[in-house]
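Student: Structure provided below as C-alpha cells; questions to follow.
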Amino acid sequence: MFEIRILSKEDVKKLISIQQVIEVVESVYKAKSDGLTDVWPTVFYEFNRGKADLDIKSGYLKSKQLFGHKTVTWFGDNTEKGIPTLIGMIAVFDAETGMPIGMTDAAYITGMRTGAAGALGAKYLAREDAENLLIVGAGNQAIFQIAATLTTIPTIKKVRVASQQLANANSFVEGISQQLKHQFGINVDNIEFEAVDDLEQAVNNSHIIITVTPSRNPIIRKEWLQKGTHISCIGADMEGKQEIDSEILPSSLIFVDDMMHCKEVGEIEIPLKQGIINETNIIGELGDLIVGKVKGRTSNDQITIFDATGMALLDIATADLALKEAEKNKLGSKTNI
C-alpha cells in the first residue's frame, strides 16, 4: 500500500501561476530537443462522431525521471445534463520506481500549458516590436492564450478577439480585464481589448495571431496577412482540422512542437497531403530554435508559423509542478492505494 496525492481543478488554480507554467513548458521543449524525452503514440477514439470522443496522450520525461498520461473526454451532450463537456485527468509516475506520484484534474493544466505553448511560439518567432495580438476563437482556451502572451511579450498594446458569433466575442471581451487581473494577476490598464467584427481587417492589422478553433476549413486567407506576421496554430489537434490557408505555408518559416504528431494531426497535416509543402519546408521543432540548433526569424518581413498539437510531456511536467507546490502548501487530498 502506498500514498498518492490528488488535486482538483480548484487546487490546481491555487497552486500554479502562468509564469511558472511558461518556464516549465520552455524547459520541456529544450529537453525534447536534447533527446531527453519520448512522446508515445496518441490514442483517439470516437464514441459518437462529432459528439463524444476521448484522447489519451502519454510520454516520458527523462530529464525529470517522470512518465505519465493524460486522458481527456469530450461529450457534447453533457451541456444538457448540466455537467462539463470536457473532462480529464493527468497521472504522474516516478520513472525510477514505476510508482504513481499523484493525479490532477486536466482541464486547468491543459489550458495553462497550451496558453504557454502559443505564447512561446510568439516569443521566439514574432517581430520584436509586435504590438497587436489577435486571438481567433473565444472559447475556453482564449483567456489562457492572452494571459500567457501578455506575460511573455511586454510590447503588446492591443488585443483583438474574433469568434464566429460577434456576440460571443463581445461577451468575452467585456469580462476579460477583470479575469486577467483576478485569475492571473496581470495588470491590463495599458492594454486595449476589442471584439472583432471584420476578421480580414483584424488579420491585416495584427503582428501576432493565435488560432484556437475546432475548424476543419481554413479561416485565415493568405491575402489577408501583412508582412512579418507570426501565427501560432493551436486548434488543429486531430486529423482533418485546419485553421489557416494552405497557401500561406510554402513561403513561411514553419516550426512545430512535435514533428510526428504535427504531420499526423497538426496544421501541417493537410498541406503535406496536398503536396503544397513537404518536410523540407519545416525548419524544426520549437525546442531546436530555443536551444539554438536552428535559426528563426531574420527579418521583420518574414511570416512565421508555429504548429502546436500539444504534448503529454507538457501536461506531465505541469502536473508535477502542481503536485510539488501542493506538497509544500499542504493542499489536495491523499489516499492509500
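So you can find residues: chains in the C-alpha cells are A, B, ... in the order shown, residues in each start at 1, and ligands are numbered from 1 in order.
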Can you list, as JSON, numbers by chain, every protein, DNA or RNA residue that comes within 10 Å of A:Ser215 when you count only C-alpha atoms, leaving out same-chain residues fewer than 3 positions away?
Tutor: {"A": [137, 211, 212, 218, 219, 235, 236, 240, 241, 242, 243, 244]}
Student: Please produce, as a tab-separated table, a per-residue contact table for stretch 295-330 of chain A versus stretch 86-102 of chain A (criterion: any atom at most 9 Å away, only C-alpha atoms considered), showing the nearest atom pair and its distance in Å to one decimal, sorted by chain then residue number.
Tutor:
```
residue	atom	partner	partner_atom	distance
A:Ala312	CA	A:Ile90	CA	8.9
A:Asp315	CA	A:Ile90	CA	7.2
A:Ile316	CA	A:Val92	CA	6.2
A:Ala317	CA	A:Val92	CA	8.6
A:Ala319	CA	A:Ile90	CA	7.1
A:Asp320	CA	A:Val92	CA	6.9
A:Leu323	CA	A:Gly102	CA	7.0
```
Student: Give me, as JSON lines, the closest atom pair and its distance (Å, one decimal) for every residue of stretch 285-309 of chain A within a cut-off of 9 Å of stretch 247-266 of chain A, counting only C-alpha atoms, rows sorted by chain and rising number.
Tutor:
```
{"residue": "A:Glu285", "atom": "CA", "partner": "A:Val256", "partner_atom": "CA", "distance": 4.7}
{"residue": "A:Leu286", "atom": "CA", "partner": "A:Asp257", "partner_atom": "CA", "distance": 5.7}
{"residue": "A:Gly287", "atom": "CA", "partner": "A:Asp257", "partner_atom": "CA", "distance": 7.4}
{"residue": "A:Leu289", "atom": "CA", "partner": "A:Phe255", "partner_atom": "CA", "distance": 8.5}
{"residue": "A:Gly296", "atom": "CA", "partner": "A:Leu253", "partner_atom": "CA", "distance": 7.3}
{"residue": "A:Arg297", "atom": "CA", "partner": "A:Leu253", "partner_atom": "CA", "distance": 7.5}
{"residue": "A:Gln302", "atom": "CA", "partner": "A:Ser252", "partner_atom": "CA", "distance": 6.8}
{"residue": "A:Ile303", "atom": "CA", "partner": "A:Ser252", "partner_atom": "CA", "distance": 5.0}
{"residue": "A:Thr304", "atom": "CA", "partner": "A:Leu253", "partner_atom": "CA", "distance": 4.7}
{"residue": "A:Ile305", "atom": "CA", "partner": "A:Ile254", "partner_atom": "CA", "distance": 4.9}
{"residue": "A:Phe306", "atom": "CA", "partner": "A:Phe255", "partner_atom": "CA", "distance": 4.8}
{"residue": "A:Asp307", "atom": "CA", "partner": "A:Val256", "partner_atom": "CA", "distance": 4.6}
{"residue": "A:Ala308", "atom": "CA", "partner": "A:Asp257", "partner_atom": "CA", "distance": 5.1}
{"residue": "A:Thr309", "atom": "CA", "partner": "A:Gly266", "partner_atom": "CA", "distance": 5.5}
```
Student: Give me the residues within 8 Å of A:Leu36 as an mmCIF file with C-alpha atoms, in the first residue's frame, counting only C-alpha atoms and dropping any in the same chain fewer than 4 places off.
Tutor:
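What follows is the written file out.cif:
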```cif
data_model
loop_
_atom_site.group_PDB
_atom_site.id
_atom_site.type_symbol
_atom_site.label_atom_id
_atom_site.label_comp_id
_atom_site.auth_asym_id
_atom_site.auth_seq_id
_atom_site.Cartn_x
_atom_site.Cartn_y
_atom_site.Cartn_z
ATOM 1 C CA ALA A 31 14.668 18.730 -23.050
ATOM 2 C CA LYS A 32 12.902 17.354 -26.126
ATOM 3 C CA LEU A 61 10.474 12.949 -19.358
ATOM 4 C CA LYS A 62 13.958 11.520 -18.853
ATOM 5 C CA SER A 63 15.194 14.918 -17.695
#
```
Student: Please list as number ranges by chain every residue within 10 Å of A:Glu46, counting only C-alpha atoms and excluding residues in the same chain fewer than 5 positions away.
Tutor: A: 51-55, 73-75
Student: Write the residues you've just listed into a file as an mmCIF file, in the first residue's frame, and include C-alpha atoms for each of them.
Tutor:
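Printed below is result39.cif as written:
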```cif
data_model
loop_
_atom_site.group_PDB
_atom_site.id
_atom_site.type_symbol
_atom_site.label_atom_id
_atom_site.label_comp_id
_atom_site.auth_asym_id
_atom_site.auth_seq_id
_atom_site.Cartn_x
_atom_site.Cartn_y
_atom_site.Cartn_z
ATOM 1 C CA LYS A 51 -20.494 14.292 -30.298
ATOM 2 C CA ALA A 52 -18.332 12.199 -27.984
ATOM 3 C CA ASP A 53 -14.677 11.181 -28.003
ATOM 4 C CA LEU A 54 -11.611 10.534 -25.896
ATOM 5 C CA ASP A 55 -7.950 11.380 -26.275
ATOM 6 C CA THR A 73 -13.007 13.095 -22.821
ATOM 7 C CA TRP A 74 -15.357 15.401 -24.707
ATOM 8 C CA PHE A 75 -19.088 14.638 -24.576
#
```
Student: Which residue is closest to A:Asp301? Choose from A:Asn78, A:Ser171, A:Gln226, A:Ser27 and count only C-alpha atoms.
Tutor: A:Gln226
Student: I'd like to know which residues of stretch 1-144 of chain A are helix (DSSP H, G or I) (by DSSP, run on the backbone); could you write them as a ChimeraX atom specification?
Tutor: /A:9-15,18-33,78-81,107-125,142-144
Student: Do a neighbour search on stretch 127-132 of chain A at 6 Å with only C-alpha atoms, toss out local chain neighbours closer than 6 positions, and write the hits as a VMD selection string.
Tutor: chain A and resid 155 to 158 206 to 207 300
Student: Can you write out the residues you just picked, keeping all heavy atoms, as a tab-separated table (two decimals), in the first residue's frame?
Tutor:
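Saved the output as result.tsv:
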```tsv
chain	number	residue	atom	x	y	z
A	155	THR	N	5.51	43.99	-25.12
A	155	THR	CA	5.26	45.06	-26.09
A	155	THR	C	3.81	45.12	-26.56
A	155	THR	O	3.41	46.07	-27.24
A	155	THR	CB	6.17	44.89	-27.33
A	155	THR	OG1	5.98	43.57	-27.87
A	155	THR	CG2	7.63	45.10	-26.96
A	156	ILE	N	2.99	44.10	-26.21
A	156	ILE	CA	1.60	44.05	-26.69
A	156	ILE	C	0.80	45.23	-26.12
A	156	ILE	O	0.80	45.48	-24.91
A	156	ILE	CB	0.91	42.72	-26.29
A	156	ILE	CG1	1.62	41.53	-26.94
A	156	ILE	CG2	-0.57	42.74	-26.67
A	156	ILE	CD1	1.55	41.51	-28.44
A	157	LYS	N	0.11	45.94	-27.01
A	157	LYS	CA	-0.71	47.09	-26.61
A	157	LYS	C	-2.20	46.89	-26.91
A	157	LYS	O	-3.05	47.51	-26.29
A	157	LYS	CB	-0.22	48.36	-27.31
A	157	LYS	CG	1.17	48.80	-26.88
A	157	LYS	CD	1.60	50.06	-27.61
A	157	LYS	CE	2.99	50.51	-27.17
A	157	LYS	NZ	3.45	51.71	-27.92
A	158	LYS	N	-2.48	46.03	-27.91
A	158	LYS	CA	-3.88	45.84	-28.30
A	158	LYS	C	-4.15	44.36	-28.50
A	158	LYS	O	-3.37	43.65	-29.15
A	158	LYS	CB	-4.20	46.61	-29.58
A	158	LYS	CG	-5.67	46.56	-29.97
A	158	LYS	CD	-6.01	47.62	-31.00
A	158	LYS	CE	-7.52	47.71	-31.23
A	158	LYS	NZ	-7.88	48.85	-32.09
A	206	SER	N	-2.65	42.80	-37.60
A	206	SER	CA	-2.10	42.07	-36.45
A	206	SER	C	-0.66	41.63	-36.69
A	206	SER	O	-0.30	41.21	-37.79
A	206	SER	CB	-2.95	40.84	-36.14
A	206	SER	OG	-4.26	41.23	-35.77
A	207	HIS	N	0.14	41.73	-35.64
A	207	HIS	CA	1.52	41.24	-35.69
A	207	HIS	C	1.60	39.78	-35.24
A	207	HIS	O	2.46	39.03	-35.72
A	207	HIS	CB	2.42	42.09	-34.78
A	207	HIS	CG	2.46	43.53	-35.14
A	207	HIS	ND1	2.16	44.55	-34.25
A	207	HIS	CD2	2.76	44.14	-36.31
A	207	HIS	CE1	2.28	45.71	-34.85
A	207	HIS	NE2	2.63	45.50	-36.10
A	300	ASN	N	11.95	41.49	-40.36
A	300	ASN	CA	10.60	41.86	-39.95
A	300	ASN	C	9.56	41.60	-41.03
A	300	ASN	O	8.37	41.79	-40.80
A	300	ASN	CB	10.55	43.34	-39.56
A	300	ASN	CG	11.06	43.57	-38.15
A	300	ASN	OD1	11.22	42.63	-37.38
A	300	ASN	ND2	11.32	44.81	-37.80
```
Student: Can you tell me which residues surround stretch 146-150 of chain A at a distance of at most 7 Å, considering only C-alpha atoms, apart from same-chain residues fewer than 2 positions away, and format the answer as a PyMOL selection string?
Tutor: chain A and resi 18+115-116+119+142-144+152-154+156+180+184
Student: Would you put the residues from that selection into a file with N, CA and C atoms, as a CSV table (one decimal), in the first residue's frame?
Tutor:
```csv
chain,number,residue,atom,x,y,z
A,18,ILE,N,0.9,31.4,-14.2
A,18,ILE,CA,1.1,31.4,-15.7
A,18,ILE,C,2.6,31.5,-15.9
A,115,GLY,N,-1.8,27.6,-23.4
A,115,GLY,CA,-1.5,29.0,-23.5
A,115,GLY,C,0.0,29.3,-23.5
A,116,ALA,N,0.7,28.6,-22.7
A,116,ALA,CA,2.2,28.8,-22.6
A,116,ALA,C,2.8,28.5,-24.0
A,119,ALA,N,2.1,31.2,-26.6
A,119,ALA,CA,2.9,32.4,-26.3
A,119,ALA,C,4.4,32.2,-26.6
A,142,ALA,N,-9.1,30.7,-25.0
A,142,ALA,CA,-8.7,32.1,-25.4
A,142,ALA,C,-8.1,32.8,-24.3
A,143,ILE,N,-8.6,32.7,-23.1
A,143,ILE,CA,-8.1,33.5,-21.9
A,143,ILE,C,-6.7,33.1,-21.6
A,144,PHE,N,-6.4,31.8,-21.7
A,144,PHE,CA,-5.0,31.3,-21.4
A,144,PHE,C,-4.0,31.8,-22.4
A,152,THR,N,4.5,37.0,-21.6
A,152,THR,CA,5.7,36.7,-22.3
A,152,THR,C,6.2,37.8,-23.2
A,153,ILE,N,5.2,38.6,-23.7
A,153,ILE,CA,5.6,39.7,-24.7
A,153,ILE,C,5.1,41.0,-24.2
A,154,PRO,N,5.9,41.8,-23.5
A,154,PRO,CA,5.5,43.0,-22.9
A,154,PRO,C,5.2,44.2,-23.8
A,156,ILE,N,3.0,44.1,-26.2
A,156,ILE,CA,1.6,44.1,-26.7
A,156,ILE,C,0.8,45.2,-26.1
A,180,LEU,N,-8.3,38.6,-16.2
A,180,LEU,CA,-6.9,38.6,-16.2
A,180,LEU,C,-6.3,39.1,-14.9
A,184,PHE,N,-5.1,35.7,-13.0
A,184,PHE,CA,-3.7,35.6,-13.4
A,184,PHE,C,-2.8,36.7,-12.8
```
Student: If you run DSSP over the backbone, which residues in stretch 39-270 of chain A end up strand (DSSP E)? Put them as an MDAnalysis selection string.
Tutor: chainID A and resid 39 43:48 52:61 66:75 86:94 100:105 132:136 158:162 192:195 208:211 230:233 253:256
Student: With only C-alpha atoms as the basis for distance, which of A:Glu26, A:Asp105, A:Glu269, A:Glu80 is at the shortest distance from A:Ala322?
Tutor: A:Asp105
Student: What does the structure give for the distance between atom CA of A:Ser33 and atom CA of A:Asp288, in Å to one decimal?
Tutor: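 Atom CA of A:Ser33 sits 5.4 Å away from atom CA of A:Asp288.
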